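Below you'll find the structure, written out as structure tokens, and then a few comments.
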Amino acid sequence: MKPVRAIVTVLLIAAVPVLAAEIPQSERRSGFSFMGPDTQAMQNDDTANPGILWVLDGEALWKSKAGAAGKACADCHGDARTSMKGVAARYPAFDKALGHPVDLEQRINNCRTTHQQATPLPYESRELLALTAFLAQQSRGMSIMPERDPQLEPFIAKGRELFLQRQGQLNLACANCHDDNWDKRLAGSAITQGHPTGYPLYRLEWQSLGSLQRRLRACISGIRAQPYAFGAPELVELELYLMWRARGMPAETPAVRP
Amino acid sequence: MPLARSAMLIAAAMLVMSVLVVPSRADEQGLRPYVVVGDAIPQSLTGMPGDAARGRALVLDRTSTCILCHSGPLPETQFQGDLAPSLTGAGSRWSEGQLRLRLVDASRLNPATIMPSYYRIEGLARVGPAWRGKPILSAEQIEDLVAYLASLRE
């Protein structure tokens with residue numbers, strides 16, 4: 001290496017803030033493992049898990065005709081138990097027509113507008129949460145695994161950059177809590193590793209099912225930063241990076257969290 | 001020590017001090033100006049001493065965010081964080097001036113710290129509209145906290 005370039009390299013390395021290492025794969029833990037036994041029991045028992053109510057609603061919506069095309073999801077996809085098995089575990093996925101990744105909610109709305117000729121369902125609406133929960137439940141227990149699509153790579157990298165970026169009045173990055181301090185408590189709450197394994201999930205604090213984007217917006221407002229709008233590319237990139245970070249972990253939808 | 005050598009030492013010390021005395025650009029941003037000397041801000045931001053009782057109430061109030069990360073001698077709440085050292089005994093470990101700089105801008109002492117800078121508005125990204133252009137705490141609140149923390153002696 002030429003001396004000048006060596007000096008530049010050294011300076012570059014010195015300028016990079018000290019970043020904690022990513023959590024080794026073998027040490028990753030779902031938010032589930034941080035919960036008390038009562039909340040764990042609630043997630044594990046379908047008769048006690050409130051998320052199942054949304055799953056049942058979603059199953060009904062899957063079979064009901066909608067939009068000008070007068071078609072139900074089931075008219076194209078048949079029995080979700082087979083056709084949708086494992087689908088949620090590899091989302092967000094690259095959409096060739098759009099040229100960027102879309103998450104499961106966006107995929108559902110694409111089908112609504114193009115195939116059912118219906119209006120898109122608003123984010124966090126009961127219907128969209130129900131359909132998403134029903135689809136995601138078909139991957140319950142399967143390994144999370146975003147597709148190995150080279151076109152996804154720049155978007156995973158963008159998501160990682162967002163995860164490491166300090167932001168907001170409190171000047172914190174996602175990684176400051178979820179990579180570096182997941183074994184600690186923020187006031188009374190366990191911080192956890194921030195894995196997206198159970199979404200949409202029932203949060204006791206929300207008294208409702210909520211999407212992963214809702215959770216991300218809550219963490220972003222928590223550090224007093226400007227939350228991205230629902231559906232913003234940055235939120236999908238964060239979702240994608242989180243799914244890649246959680247690759248190999250079992251999907252839990254509908255999970256329960258405190 | 002021979003006179004010449006001690007004079008040289010004093011000169012060297014003054015040189016170091018003059019390098020370390022850093023006037024802030026705080027006043028250009030609508031914040032009270034302050035001067036950092038070494039690892040401290042010796043002068044009160046308001047020119048007045050703070051109120052320790054108000055400082056204690058502020059630490060307990062979640063909006064100050066202290067209790068999210070720190071614990072302290074605050075028996076009335078069990079919800080205390082453990083991301084940071086306990087505040088118990090802070091007044092024995094640090095002078096008022098040192099405590100003031102740690103609250104105003106802890107990142108001057110440790111660029112990698114997770115402790116927010118409570119009296120700084122530049123160098124932040126994507127601050128939400130409700131908080132933009134404002135420090136997390138006012139100069140008065142910083143002084144109340146300094147008075148409270150300085151009273152935590154062991």
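Each chain of the structure tokens is named A, B, ... in the order shown, its residues numbered from 1; ligands are numbered from 1 in display order.
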
**OP:** Find the residues near Phe163 (chain A): any atom within 9 Å, counting only C-alpha atoms, skip ones fewer than 4 places away on the same chain, and give them as a PyMOL selection string.
**Re:** chain A and resi 158-159+173-175+238+241-242

Any chance you could export the current selection's C-alpha atoms as a PDB file, in the first residue's frame?
ATOM      1  CA  LYS A 158     -29.656   0.455   3.432  1.00  0.00           C
ATOM      2  CA  GLY A 159     -31.695  -1.060   6.268  1.00  0.00           C
ATOM      3  CA  ALA A 173     -29.410   4.316  17.045  1.00  0.00           C
ATOM      4  CA  CYS A 174     -31.469   1.142  17.023  1.00  0.00           C
ATOM      5  CA  ALA A 175     -28.177  -0.717  17.505  1.00  0.00           C
ATOM      6  CA  LEU A 238     -35.551  -1.649   8.140  1.00  0.00           C
ATOM      7  CA  TYR A 241     -32.699  -5.826   7.479  1.00  0.00           C
ATOM      8  CA  LEU A 242     -34.437  -7.027  10.670  1.00  0.00           C
TER       9      LEU A 242
END

Subject >> Residue list for chain B near chain A as a list in words, 6 Å, only C-alpha atoms >> reply: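 The selection requested is Ile67, Leu68, Cys69, Phe79, Gln80, Gly81, Asp82, Leu83, Pro116, Ala125, Arg126, Val127 and Gly128 of chain B.
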
Selection from above, all heavy atoms, as a short mmCIF file (atom, residue, chain, number, x, y, z; two decimals), in the first residue's frame, can you write it?
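Output saved as again_16.cif:
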data_model
loop_
_atom_site.label_atom_id
_atom_site.label_comp_id
_atom_site.auth_asym_id
_atom_site.auth_seq_id
_atom_site.Cartn_x
_atom_site.Cartn_y
_atom_site.Cartn_z
N ILE B 67 -34.23 8.40 34.25
CA ILE B 67 -34.58 7.15 34.92
C ILE B 67 -34.71 5.99 33.93
O ILE B 67 -34.69 4.83 34.31
CB ILE B 67 -35.88 7.37 35.74
CG1 ILE B 67 -36.04 6.35 36.86
CG2 ILE B 67 -37.09 7.38 34.85
CD1 ILE B 67 -35.26 6.73 38.07
N LEU B 68 -34.82 6.31 32.63
CA LEU B 68 -34.85 5.24 31.64
C LEU B 68 -33.55 4.45 31.69
O LEU B 68 -33.53 3.23 31.53
CB LEU B 68 -35.05 5.80 30.23
CG LEU B 68 -36.40 6.47 29.95
CD1 LEU B 68 -36.42 7.02 28.53
CD2 LEU B 68 -37.54 5.49 30.13
N CYS B 69 -32.44 5.16 31.86
CA CYS B 69 -31.13 4.50 31.83
C CYS B 69 -30.50 4.31 33.20
O CYS B 69 -29.81 3.33 33.45
CB CYS B 69 -30.16 5.30 30.96
SG CYS B 69 -30.62 5.31 29.22
N PHE B 79 -39.24 1.30 38.79
CA PHE B 79 -38.90 1.28 37.37
C PHE B 79 -37.68 2.15 37.11
O PHE B 79 -37.80 3.32 36.76
CB PHE B 79 -40.10 1.75 36.54
CG PHE B 79 -41.30 0.87 36.71
CD1 PHE B 79 -42.49 1.38 37.20
CD2 PHE B 79 -41.23 -0.48 36.41
CE1 PHE B 79 -43.59 0.57 37.38
CE2 PHE B 79 -42.34 -1.31 36.59
CZ PHE B 79 -43.52 -0.78 37.08
N GLN B 80 -36.51 1.58 37.33
CA GLN B 80 -35.28 2.30 37.09
C GLN B 80 -34.45 1.51 36.08
O GLN B 80 -34.46 0.29 36.08
CB GLN B 80 -34.50 2.46 38.42
CG GLN B 80 -35.39 3.04 39.53
CD GLN B 80 -34.61 3.43 40.78
OE1 GLN B 80 -33.39 3.43 40.81
NE2 GLN B 80 -35.34 3.79 41.83
N GLY B 81 -33.74 2.24 35.23
CA GLY B 81 -32.98 1.58 34.18
C GLY B 81 -31.65 1.06 34.69
O GLY B 81 -31.20 1.43 35.77
N ASP B 82 -31.01 0.19 33.90
CA ASP B 82 -29.66 -0.26 34.25
C ASP B 82 -28.72 -0.24 33.05
O ASP B 82 -27.83 -1.04 32.93
CB ASP B 82 -29.70 -1.64 34.92
CG ASP B 82 -30.18 -2.73 33.98
OD1 ASP B 82 -30.51 -2.43 32.82
OD2 ASP B 82 -30.20 -3.91 34.40
N LEU B 83 -28.95 0.75 32.16
CA LEU B 83 -28.03 0.92 31.04
C LEU B 83 -26.83 1.77 31.41
O LEU B 83 -25.94 1.98 30.60
CB LEU B 83 -28.72 1.63 29.85
CG LEU B 83 -29.59 0.83 28.93
CD1 LEU B 83 -30.99 0.76 29.48
CD2 LEU B 83 -29.62 1.46 27.55
N PRO B 116 -27.60 11.01 26.11
CA PRO B 116 -27.91 12.15 25.25
C PRO B 116 -27.25 13.43 25.78
O PRO B 116 -26.95 13.55 26.96
CB PRO B 116 -29.44 12.26 25.34
CG PRO B 116 -29.92 10.94 25.83
CD PRO B 116 -28.82 10.41 26.71
N ALA B 125 -29.57 14.30 13.95
CA ALA B 125 -30.21 13.96 12.68
C ALA B 125 -31.69 13.65 12.89
O ALA B 125 -32.06 13.02 13.89
CB ALA B 125 -29.52 12.73 12.07
N ARG B 126 -32.53 14.11 11.99
CA ARG B 126 -33.93 13.72 11.92
C ARG B 126 -34.70 13.93 13.23
O ARG B 126 -35.54 13.11 13.61
CB ARG B 126 -34.05 12.25 11.48
CG ARG B 126 -33.34 11.92 10.17
CD ARG B 126 -33.75 10.59 9.58
NE ARG B 126 -35.15 10.59 9.26
CZ ARG B 126 -36.12 10.08 10.02
NH1 ARG B 126 -35.85 9.48 11.13
NH2 ARG B 126 -37.36 10.16 9.64
N VAL B 127 -34.45 15.02 13.91
CA VAL B 127 -35.18 15.30 15.16
C VAL B 127 -36.66 15.53 14.82
O VAL B 127 -36.98 16.21 13.84
CB VAL B 127 -34.57 16.53 15.86
CG1 VAL B 127 -35.36 16.88 17.12
CG2 VAL B 127 -33.11 16.27 16.21
N GLY B 128 -37.56 14.95 15.60
CA GLY B 128 -38.99 15.11 15.37
C GLY B 128 -39.42 16.57 15.51
O GLY B 128 -38.80 17.32 16.28
#

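Within the 12 Å cut-off around Leu74 (chain B), using only C-alpha atoms and omitting residues fewer than 6 positions from it on the same chain, the listed residues are Arg56, Ala57, Leu58, Val59, Leu60, Asp61, Ile67, Gln80, Gly81, Ser86, Leu87, Thr88 and Leu152 of chain B.
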
**OP:** Find the residues near Asp149 (chain A): any atom within 12 Å, counting only C-alpha atoms, skip ones fewer than 2 places away on the same chain, and give them as JSON, numbers by chain.
**Re:** {"A": [90, 91, 92, 93, 94, 95, 96, 100, 101, 145, 146, 147, 151, 152, 153, 154, 155, 156, 244]}

Spatial neighbours of Ser107 (chain B), 12 Å, only C-alpha atoms, chain gap at least 3 places, as a compact mmCIF listing (two decimals) with all heavy atoms, in the first residue's frame:
# COMPACT_ATOMS: atom_id res chain seq x y z
N LEU A 170 -32.71 12.42 21.21
CA LEU A 170 -31.93 11.62 22.14
C LEU A 170 -30.68 11.04 21.50
O LEU A 170 -29.86 10.40 22.17
CB LEU A 170 -32.78 10.50 22.77
CG LEU A 170 -34.04 10.95 23.53
CD1 LEU A 170 -34.69 9.77 24.25
CD2 LEU A 170 -33.75 12.07 24.53
N ASN A 171 -30.54 11.20 20.17
CA ASN A 171 -29.32 10.84 19.45
C ASN A 171 -28.93 9.37 19.66
O ASN A 171 -27.78 9.08 19.98
CB ASN A 171 -28.19 11.78 19.89
CG ASN A 171 -27.05 11.80 18.89
OD1 ASN A 171 -27.25 11.53 17.70
ND2 ASN A 171 -25.86 12.12 19.35
N ASP B 39 -12.53 19.09 32.00
CA ASP B 39 -13.71 18.23 31.83
C ASP B 39 -14.90 18.80 32.60
O ASP B 39 -15.74 18.04 33.09
CB ASP B 39 -13.40 16.79 32.26
CG ASP B 39 -13.34 16.65 33.77
OD1 ASP B 39 -13.08 17.66 34.47
OD2 ASP B 39 -13.58 15.53 34.27
N LEU B 101 -21.03 19.56 32.83
CA LEU B 101 -20.62 19.19 31.47
C LEU B 101 -21.19 17.83 31.07
O LEU B 101 -21.60 17.63 29.93
CB LEU B 101 -19.09 19.17 31.33
CG LEU B 101 -18.57 18.75 29.93
CD1 LEU B 101 -19.15 19.64 28.84
CD2 LEU B 101 -17.04 18.78 29.87
N ARG B 102 -21.28 16.91 32.03
CA ARG B 102 -21.84 15.59 31.70
C ARG B 102 -23.31 15.70 31.29
O ARG B 102 -23.78 14.93 30.47
CB ARG B 102 -21.66 14.63 32.87
CG ARG B 102 -20.27 14.01 32.84
CD ARG B 102 -19.72 13.55 34.17
NE ARG B 102 -18.35 13.05 33.98
CZ ARG B 102 -17.26 13.82 33.87
NH1 ARG B 102 -17.38 15.14 33.95
NH2 ARG B 102 -16.06 13.29 33.69
N LEU B 103 -24.03 16.65 31.85
CA LEU B 103 -25.43 16.84 31.46
C LEU B 103 -25.53 17.64 30.16
O LEU B 103 -26.30 17.29 29.26
CB LEU B 103 -26.20 17.58 32.55
CG LEU B 103 -26.37 16.78 33.84
CD1 LEU B 103 -27.01 17.64 34.91
CD2 LEU B 103 -27.21 15.55 33.58
N VAL B 104 -24.74 18.68 30.04
CA VAL B 104 -24.84 19.56 28.86
C VAL B 104 -24.46 18.79 27.61
O VAL B 104 -25.18 18.83 26.60
CB VAL B 104 -23.93 20.80 29.06
CG1 VAL B 104 -23.68 21.53 27.75
CG2 VAL B 104 -24.57 21.75 30.07
N ASN B 110 -16.92 11.44 26.01
CA ASN B 110 -16.92 10.10 25.44
C ASN B 110 -17.75 10.13 24.16
O ASN B 110 -18.98 10.05 24.22
CB ASN B 110 -17.50 9.11 26.46
CG ASN B 110 -17.72 7.73 25.86
OD1 ASN B 110 -17.26 7.44 24.76
ND2 ASN B 110 -18.42 6.87 26.59
N PRO B 111 -17.07 10.26 23.01
CA PRO B 111 -17.82 10.41 21.76
C PRO B 111 -18.76 9.23 21.47
O PRO B 111 -19.72 9.38 20.73
CB PRO B 111 -16.72 10.49 20.69
CG PRO B 111 -15.47 10.80 21.41
CD PRO B 111 -15.62 10.31 22.82
N ALA B 112 -18.51 8.06 22.07
CA ALA B 112 -19.34 6.90 21.79
C ALA B 112 -20.45 6.74 22.83
O ALA B 112 -21.19 5.76 22.80
CB ALA B 112 -18.49 5.63 21.76
N THR B 113 -20.58 7.69 23.76
CA THR B 113 -21.55 7.50 24.84
C THR B 113 -22.98 7.39 24.29
O THR B 113 -23.29 7.96 23.24
CB THR B 113 -21.49 8.65 25.88
OG1 THR B 113 -22.32 8.28 27.00
CG2 THR B 113 -22.02 9.96 25.30
N ILE B 114 -23.83 6.66 25.00
CA ILE B 114 -25.25 6.65 24.63
C ILE B 114 -26.00 7.73 25.41
O ILE B 114 -27.17 7.98 25.15
CB ILE B 114 -25.92 5.28 24.90
CG1 ILE B 114 -25.75 4.85 26.35
CG2 ILE B 114 -25.39 4.24 23.92
CD1 ILE B 114 -26.65 3.68 26.72
N MET B 115 -25.35 8.36 26.38
CA MET B 115 -26.07 9.40 27.14
C MET B 115 -26.32 10.62 26.25
O MET B 115 -25.40 11.17 25.66
CB MET B 115 -25.25 9.82 28.37
CG MET B 115 -25.92 10.95 29.12
SD MET B 115 -25.55 10.93 30.86
CE MET B 115 -25.82 12.65 31.27
N PRO B 116 -27.60 11.01 26.11
CA PRO B 116 -27.91 12.15 25.25
C PRO B 116 -27.25 13.43 25.78
O PRO B 116 -26.95 13.55 26.96
CB PRO B 116 -29.44 12.26 25.34
CG PRO B 116 -29.92 10.94 25.83
CD PRO B 116 -28.82 10.41 26.71
N SER B 117 -27.07 14.39 24.88
CA SER B 117 -26.56 15.71 25.26
C SER B 117 -27.77 16.57 25.56
O SER B 117 -28.55 16.89 24.67
CB SER B 117 -25.76 16.31 24.11
OG SER B 117 -24.65 15.48 23.83
N TYR B 118 -27.93 16.97 26.84
CA TYR B 118 -29.19 17.60 27.25
C TYR B 118 -29.27 19.08 26.93
O TYR B 118 -30.33 19.67 27.01
CB TYR B 118 -29.44 17.33 28.75
CG TYR B 118 -29.89 15.91 28.93
CD1 TYR B 118 -28.98 14.87 29.12
CD2 TYR B 118 -31.24 15.58 28.81
CE1 TYR B 118 -29.39 13.56 29.22
CE2 TYR B 118 -31.67 14.28 28.90
CZ TYR B 118 -30.75 13.28 29.10
OH TYR B 118 -31.18 11.99 29.17
N TYR B 119 -28.12 19.68 26.58
CA TYR B 119 -28.14 21.11 26.27
C TYR B 119 -27.34 21.36 25.01
O TYR B 119 -26.35 22.09 24.98
CB TYR B 119 -27.58 21.91 27.47
CG TYR B 119 -28.02 23.36 27.49
CD1 TYR B 119 -29.36 23.69 27.69
CD2 TYR B 119 -27.11 24.40 27.33
CE1 TYR B 119 -29.78 25.01 27.71
CE2 TYR B 119 -27.52 25.72 27.34
CZ TYR B 119 -28.86 26.02 27.53
OH TYR B 119 -29.27 27.32 27.55
N ARG B 120 -27.78 20.72 23.95
CA ARG B 120 -27.10 20.85 22.65
C ARG B 120 -28.15 20.68 21.58
O ARG B 120 -29.01 19.80 21.71
CB ARG B 120 -26.05 19.74 22.52
CG ARG B 120 -25.15 19.91 21.30
CD ARG B 120 -24.20 18.72 21.16
NE ARG B 120 -24.73 17.74 20.24
CZ ARG B 120 -24.30 16.49 20.14
NH1 ARG B 120 -23.33 16.06 20.93
NH2 ARG B 120 -24.83 15.66 19.27
N GLY B 123 -25.76 19.05 15.38
CA GLY B 123 -25.18 17.73 15.19
C GLY B 123 -26.17 16.59 15.41
O GLY B 123 -25.75 15.47 15.67

**OP:** Using DSSP on the backbone, list every residue of chain B that comes out as alpha helix (DSSP H), and give them as a PyMOL selection string.
**Re:** chain B and resi 3-20+52-60+66-69+90-93+96-105+139-150

**OP:** Find the residues around region 62-75 of chain A up to 7 Å (only C-alpha atoms counted), leave out those fewer than 6 positions away in its own chain, and share them as a PyMOL selection string.
**Re:** chain A and resi 116-118+131

**OP:** Fewer than 5 positions away in the same chain doesn't count, so skip those; otherwise give me all residues within 8 Å of Ile52 (chain A), counting only C-alpha atoms, as number ranges by chain.
**Re:** A: 46-47, 254

Would you save the residues from that selection as a tab-separated table (two decimals), in the first residue's frame, using N, CA, C and O atoms?
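Output saved as part-v2.tsv:
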chain	number	residue	atom	x	y	z
A	46	ASP	N	-53.65	-21.01	21.93
A	46	ASP	CA	-54.50	-20.36	20.93
A	46	ASP	C	-55.86	-19.94	21.50
A	46	ASP	O	-56.50	-19.04	20.96
A	47	THR	N	-56.31	-20.58	22.57
A	47	THR	CA	-57.61	-20.17	23.13
A	47	THR	C	-57.46	-18.93	24.01
A	47	THR	O	-58.44	-18.29	24.35
A	254	PRO	N	-49.39	-15.32	15.36
A	254	PRO	CA	-49.45	-14.03	16.05
A	254	PRO	C	-48.82	-14.11	17.44
A	254	PRO	O	-49.30	-14.85	18.28

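Rounded to one decimal, CA of Gln78 (chain B) and CA of Ile142 (chain B) lie 24.1 Å from each other.
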
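CA of Ser139 (chain A) sits 5.4 Å away from CA of Lys85 (chain A).
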
**OP:** Please measure the separation of CA of Glu252 (chain A) and CA of Tyr199 (chain A), giving the value in Å to one decimal.
**Re:**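 These two atoms are separated by 7.6 Å.
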